[in-house]
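Structure data (TSV, C-alpha atoms) from model.tsv:
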chain	number	residue	atom	x	y	z
A	426	MET	CA	-8.41	2.39	-3.28
A	427	PRO	CA	-5.10	0.84	-2.25
A	428	LEU	CA	-5.30	-2.03	0.21
A	429	PRO	CA	-1.78	-2.29	1.68
A	430	PHE	CA	-2.69	-5.23	3.90
A	431	LEU	CA	-3.56	-7.32	0.84
A	432	THR	CA	0.02	-7.60	-0.39
A	433	ALA	CA	3.20	-8.44	1.40
A	434	ASP	CA	5.75	-5.73	1.89
A	435	ARG	CA	7.74	-5.54	-1.34
A	436	THR	CA	11.02	-5.42	0.55
A	437	PHE	CA	10.57	-9.09	1.51
A	438	GLU	CA	10.37	-10.09	-2.15
A	439	ALA	CA	13.33	-8.07	-3.33
A	440	ALA	CA	16.74	-9.64	-3.23
A	441	ALA	CA	19.02	-7.65	-1.00
A	442	GLU	CA	22.37	-7.85	0.75
A	443	SER	CA	20.77	-8.29	4.16
A	444	ALA	CA	18.65	-11.26	5.16
A	445	LEU	CA	16.06	-8.78	6.42
A	446	PRO	CA	15.76	-5.83	4.04
A	447	TYR	CA	13.68	-3.04	5.53
A	448	ASP	CA	13.69	0.74	5.80
A	449	ASP	CA	11.74	1.13	9.04
A	450	PRO	CA	12.20	-1.80	11.45
A	451	ASP	CA	9.36	-0.57	13.70
A	452	HIS	CA	6.78	-0.70	10.89
A	453	TRP	CA	4.50	-3.76	11.19
A	454	ARG	CA	4.57	-5.90	8.03
A	455	ARG	CA	3.38	-9.30	6.94
A	456	PRO	CA	6.26	-11.23	5.34
A	457	TYR	CA	4.02	-13.08	2.87
A	458	ARG	CA	1.04	-12.54	0.61
A	459	PRO	CA	-2.39	-13.79	1.62
A	460	GLY	CA	-3.11	-17.15	0.02
A	461	PRO	CA	-5.70	-17.78	-2.67
A	462	TRP	CA	-8.05	-19.53	-0.23
A	463	ARG	CA	-8.09	-16.51	2.07
A	464	VAL	CA	-8.62	-14.08	-0.81
A	465	ALA	CA	-11.39	-16.25	-2.29
A	466	VAL	CA	-13.30	-16.45	1.01
A	467	ALA	CA	-12.95	-12.68	1.52
A	468	ALA	CA	-14.09	-12.01	-2.05
A	469	LEU	CA	-17.18	-14.18	-1.52
A	470	GLY	CA	-17.89	-12.30	1.70
A	471	LEU	CA	-17.62	-8.96	-0.10
A	472	LEU	CA	-19.87	-10.23	-2.91
A	473	LEU	CA	-22.48	-11.29	-0.38
A	474	ALA	CA	-22.12	-7.93	1.37
A	475	SER	CA	-22.81	-6.08	-1.89
A	476	PHE	CA	-26.11	-7.96	-2.28
A	477	VAL	CA	-27.04	-7.25	1.33
A	478	LEU	CA	-26.21	-3.54	0.97
A	479	PHE	CA	-28.22	-3.35	-2.27
A	480	GLY	CA	-31.09	-4.99	-0.40
A	481	ALA	CA	-30.78	-2.34	2.33
A	482	VAL	CA	-31.16	0.40	-0.30
A	483	LEU	CA	-34.26	-1.30	-1.75
A	484	ILE	CA	-35.78	-1.72	1.71
A	485	ALA	CA	-35.09	1.94	2.51
A	486	LEU	CA	-36.78	3.02	-0.75
A	487	THR	CA	-39.92	1.07	0.17
A	488	GLY	CA	-40.21	3.10	3.36
A	489	SER	CA	-39.11	0.73	6.13
A	490	VAL	CA	-36.16	2.68	7.54
A	491	SER	CA	-35.73	0.58	10.69
A	492	ALA	CA	-35.53	-2.68	8.69
A	493	ALA	CA	-33.15	-1.00	6.23
A	494	GLY	CA	-30.92	0.00	9.14
A	495	ILE	CA	-30.75	-3.60	10.38
A	496	VAL	CA	-29.91	-4.92	6.91
A	497	LEU	CA	-27.36	-2.12	6.43
A	498	GLY	CA	-25.69	-3.09	9.72
A	499	ALA	CA	-25.52	-6.73	8.60
A	500	GLY	CA	-23.94	-5.69	5.30
A	501	LEU	CA	-21.35	-3.51	7.02
A	502	ALA	CA	-20.55	-6.37	9.41
A	503	LEU	CA	-19.92	-8.63	6.40
A	504	VAL	CA	-17.58	-6.01	4.88
A	505	ALA	CA	-15.70	-5.60	8.17
A	506	GLY	CA	-15.40	-9.38	8.55
A	507	ALA	CA	-14.03	-9.81	5.02
A	508	LEU	CA	-11.46	-7.05	5.52
A	509	ARG	CA	-10.44	-8.50	8.87
A	510	LEU	CA	-10.04	-11.92	7.23
A	511	LEU	CA	-7.58	-10.35	4.79
A	512	ARG	CA	-5.57	-8.83	7.67
A	513	MET	CA	-5.31	-12.12	9.55
A	514	GLY	CA	-1.87	-13.68	9.82
A	515	VAL	CA	1.56	-13.10	11.30
A	516	TRP	CA	3.07	-9.62	11.27
A	517	VAL	CA	6.61	-8.71	12.35
A	518	SER	CA	8.48	-5.56	13.33
A	519	GLY	CA	11.46	-4.56	15.42
A	520	ARG	CA	9.20	-4.49	18.48
A	521	GLY	CA	7.88	-8.03	18.30
A	522	LEU	CA	5.72	-10.58	16.59
A	523	ARG	CA	2.00	-10.00	16.12
A	524	ARG	CA	-0.65	-12.62	15.39
A	525	VAL	CA	-3.81	-11.07	13.96
A	526	GLY	CA	-6.89	-13.25	14.36
A	527	LEU	CA	-10.49	-12.77	13.31
A	528	LEU	CA	-11.59	-11.43	16.69
A	529	GLY	CA	-8.36	-10.30	18.32
A	530	THR	CA	-4.71	-9.42	17.99
A	531	ARG	CA	-1.88	-10.64	20.20
A	532	THR	CA	1.59	-9.13	20.24
A	533	VAL	CA	4.63	-10.87	21.72
A	534	PRO	CA	7.72	-8.69	22.30
A	535	TRP	CA	10.97	-10.20	21.05
A	536	ALA	CA	12.27	-10.23	24.63
A	537	ARG	CA	9.71	-12.97	25.46
A	538	VAL	CA	10.51	-15.11	22.41
A	539	VAL	CA	12.82	-18.06	23.04
A	540	SER	CA	12.74	-19.41	19.48
A	541	VAL	CA	10.76	-19.63	16.27
A	542	ARG	CA	11.29	-22.81	14.29
A	543	THR	CA	9.66	-25.03	11.69
A	544	VAL	CA	8.48	-28.42	12.97
A	545	GLN	CA	6.73	-31.48	11.52
A	546	GLN	CA	3.45	-32.10	13.32
A	547	PRO	CA	-0.26	-32.71	12.76
A	548	VAL	CA	-1.86	-29.43	11.64
A	549	ARG	CA	-5.43	-28.37	11.01
A	550	TRP	CA	-6.62	-28.45	7.42
A	551	LEU	CA	-7.94	-24.94	6.55
A	552	GLY	CA	-8.51	-24.30	10.26
A	553	LEU	CA	-11.10	-27.09	10.50
A	554	PRO	CA	-11.00	-29.80	13.21
A	555	ARG	CA	-9.60	-32.33	10.70
A	556	THR	CA	-5.82	-32.71	11.10
A	557	VAL	CA	-3.24	-33.83	8.57
A	558	GLN	CA	0.51	-34.26	8.76
A	559	GLY	CA	2.30	-31.07	7.78
A	560	GLN	CA	4.73	-28.41	8.82
A	561	ALA	CA	4.11	-25.63	11.30
A	562	LEU	CA	6.02	-22.55	12.37
A	563	ALA	CA	6.15	-22.93	16.15
A	564	LEU	CA	6.69	-20.10	18.60
A	565	VAL	CA	8.39	-20.91	21.92
A	566	ARG	CA	7.85	-18.22	24.56
A	567	LYS	CA	9.51	-17.68	27.93
A	568	ASP	CA	6.21	-17.25	29.75
A	569	ARG	CA	4.29	-20.23	28.27
A	570	ARG	CA	4.73	-23.92	27.59
A	571	PRO	CA	5.20	-24.79	23.89
A	572	GLU	CA	2.05	-26.93	23.78
A	573	ASP	CA	-0.03	-23.94	25.00
A	574	THR	CA	0.99	-21.80	22.01
A	575	PRO	CA	-0.76	-22.51	18.69
A	576	PRO	CA	1.43	-22.54	15.57
A	577	LEU	CA	2.01	-19.24	13.81
A	578	LEU	CA	1.76	-20.64	10.27
A	579	THR	CA	0.98	-24.07	8.84
A	580	THR	CA	1.34	-25.66	5.42
A	581	HIS	CA	-2.39	-26.45	5.39
A	582	GLY	CA	-3.75	-23.06	6.44
A	583	LEU	CA	-5.68	-20.57	4.30
A	584	ASP	CA	-2.47	-18.90	3.13
A	585	PHE	CA	-0.27	-21.86	2.24
A	586	LEU	CA	-2.46	-24.81	1.21
A	587	GLY	CA	-0.85	-26.20	-1.94
A	588	ARG	CA	1.98	-23.65	-1.77
A	589	PRO	CA	4.88	-25.27	0.14
A	590	ALA	CA	7.48	-22.93	-1.37
A	591	ALA	CA	5.54	-19.88	-0.13
A	592	PHE	CA	5.35	-21.44	3.35
A	593	ASP	CA	9.11	-22.06	3.36
A	594	ARG	CA	9.84	-18.43	2.36
A	595	ALA	CA	7.46	-17.01	4.97
A	596	ALA	CA	8.77	-19.32	7.72
A	597	ASP	CA	12.38	-18.48	6.87
A	598	THR	CA	11.63	-14.76	6.98
A	599	VAL	CA	9.85	-14.91	10.35
A	600	GLU	CA	12.67	-17.08	11.76
A	601	ALA	CA	15.23	-14.55	10.51
A	602	TRP	CA	13.32	-11.68	12.12
A	603	ALA	CA	13.20	-13.61	15.39
A	604	ALA	CA	16.91	-14.47	15.29
A	605	GLU	CA	18.00	-10.90	14.49
A	606	ASN	CA	15.74	-9.16	16.97
A	607	ARG	CA	16.41	-11.61	19.79
A	608	ALA	CA	20.15	-11.04	19.21
A	609	ASP	CA	19.57	-7.27	19.34
A	610	HIS	CA	17.69	-7.60	22.64
A	611	ARG	CA	20.44	-9.77	24.14
A	612	THR	CA	23.04	-7.17	23.13
A	613	GLU	CA	20.95	-4.37	24.68
A	614	ASN	CA	20.52	-6.36	27.92
A	615	ARG	CA	24.27	-7.01	28.18
A	616	THR	CA	24.98	-3.32	27.61
A	617	GLU	CA	22.48	-2.33	30.31
A	618	ASN	CA	23.93	-4.89	32.74
A	619	ARG	CA	27.46	-3.52	32.21
A	620	ARG	CA	26.22	0.03	32.84
A	621	GLY	CA	24.39	-1.11	35.98
Would you mind giving the structure from this file in structure tokens?
Amino acid sequence: MPLPFLTADRTFEAAAESALPYDDPDHWRRPYRPGPWRVAVAALGLLLASFVLFGAVLIALTGSVSAAGIVLGAGLALVAGALRLLRMGVWVSGRGLRRVGLLGTRTVPWARVVSVRTVQQPVRWLGLPRTVQGQALALVRKDRRPEDTPPLLTTHGLDFLGRPAAFDRAADTVEAWAAENRADHRTENRTENRRG
């Protein structure tokens, strides 16, 4: 079964004439591959889910259908959590920038984006409370203060820990998407203002 969310869009990896090679600019895509830490945690979750689901089958065979249903629900929740963990990250399209989290998704249209830039700052190590000095891809929005917006990507997150070159490529790609789409929106606004 193909899992398209597990790999980055191949157009980001191919060398092309344009800084942003794509066929469909409105298609949501993640400009980087999930890191080994993220894949390992999801794989462990799926392994645990397989044991739980096997346990649900054994419980159902012994005759306790209600208990089997509870265990089956727990196993399916583990599968859903592991798949959601693999989808987590930053996604881009011509419409905006999307941050997919474990429990929710937030989309910011390009019209609200002031800038996207890489900054040196303390970042969380693997999402834990411990902070270390690293790089972060910061999003500056028109409707929020910069300190109220968490970083999009960090060098010490699940995707980029120990992979600084992958972080640089992903940050450069997201910054290029932001620059191109913000320029497109400014051009559209000027055109509309001249018509009005």
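Computed from the coordinates, the atom CA of A:Val504 to atom CA of A:Leu578 distance equals 24.8 Å.
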May I ask which of the residues A:Arg537, A:Arg607, A:Arg524, A:Arg594 is the closest one to A:Pro575, counting only C-alpha atoms? A:Arg524
From A:Ser475, A:Asn606, A:Thr598, A:Gln558, residue lying nearest A:Pro456 [all atoms listed in the file]: A:Thr598
Counting only C-alpha atoms, which residue out of A:Arg549, A:Ala536, A:Trp516, A:Pro554 sits closest to A:Ala596? A:Trp516
Select, from A:Ala465, A:Leu510, A:Ala603, A:Leu577, the residue with the minimum atom-to-atom distance to A:Pro534, counting all atoms listed in the file.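 Result for the nearest residue to A:Pro534: A:Ala603.
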re atom CA of A:Ala561 and atom CA of A:Val544: distance 5.4 Å
Between atom CA of A:Ala595 and atom CA of A:Arg455, distance in Å (one decimal):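 If I compute the distance from atom CA of A:Ala595 to atom CA of A:Arg455, I get 8.9 Å.
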For A:Ile484, which residue out of A:Val515, A:Leu551, A:Leu497, A:Leu472 is the nearest one, using all atoms listed in the file? A:Leu497
Counting only C-alpha atoms, write as a list in words all protein and nucleic acid residues lying at most 7 Å from (-0.5, -25.2, 8.9) in the file's frame.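 Result, sorted by chain then residue number: Val548, Arg549, Gly559, Gln560, Ala561, Leu578, Thr579, Thr580, His581 and Gly582 of chain A.
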Judged by all atoms listed in the file, the minimum distance to A:Glu600 among A:Leu528, A:Leu553, A:Val541, A:Met513 is found for A:Val541
Need the shell around A:Ala591: protein/DNA/RNA residues with any atom at most 10 Å away, counting all atoms listed in the file. Skip same-chain ones fewer than 6 positions apart. Format as a PyMOL selection string? chain A and resi 457-458+460+580+584-585+597
Enclosing box along x, y and z for every listed atom of stretch 565-574 of chain A, padded 6 Å each side, centre and size in Å, one decimal, as JSON:
{"center_x": 4.7, "center_y": -22.1, "center_z": 25.8, "size_x": 21.5, "size_y": 21.7, "size_z": 19.8}
Residues near A:Ala492, anyone? I mean within 12 Å using only C-alpha atoms, not counting same-chain ones fewer than 6 positions away, as a list in words. Gly480, Ala481, Val482, Leu483, Ile484, Ala485, Leu486, Gly498 and Ala499 of chain A
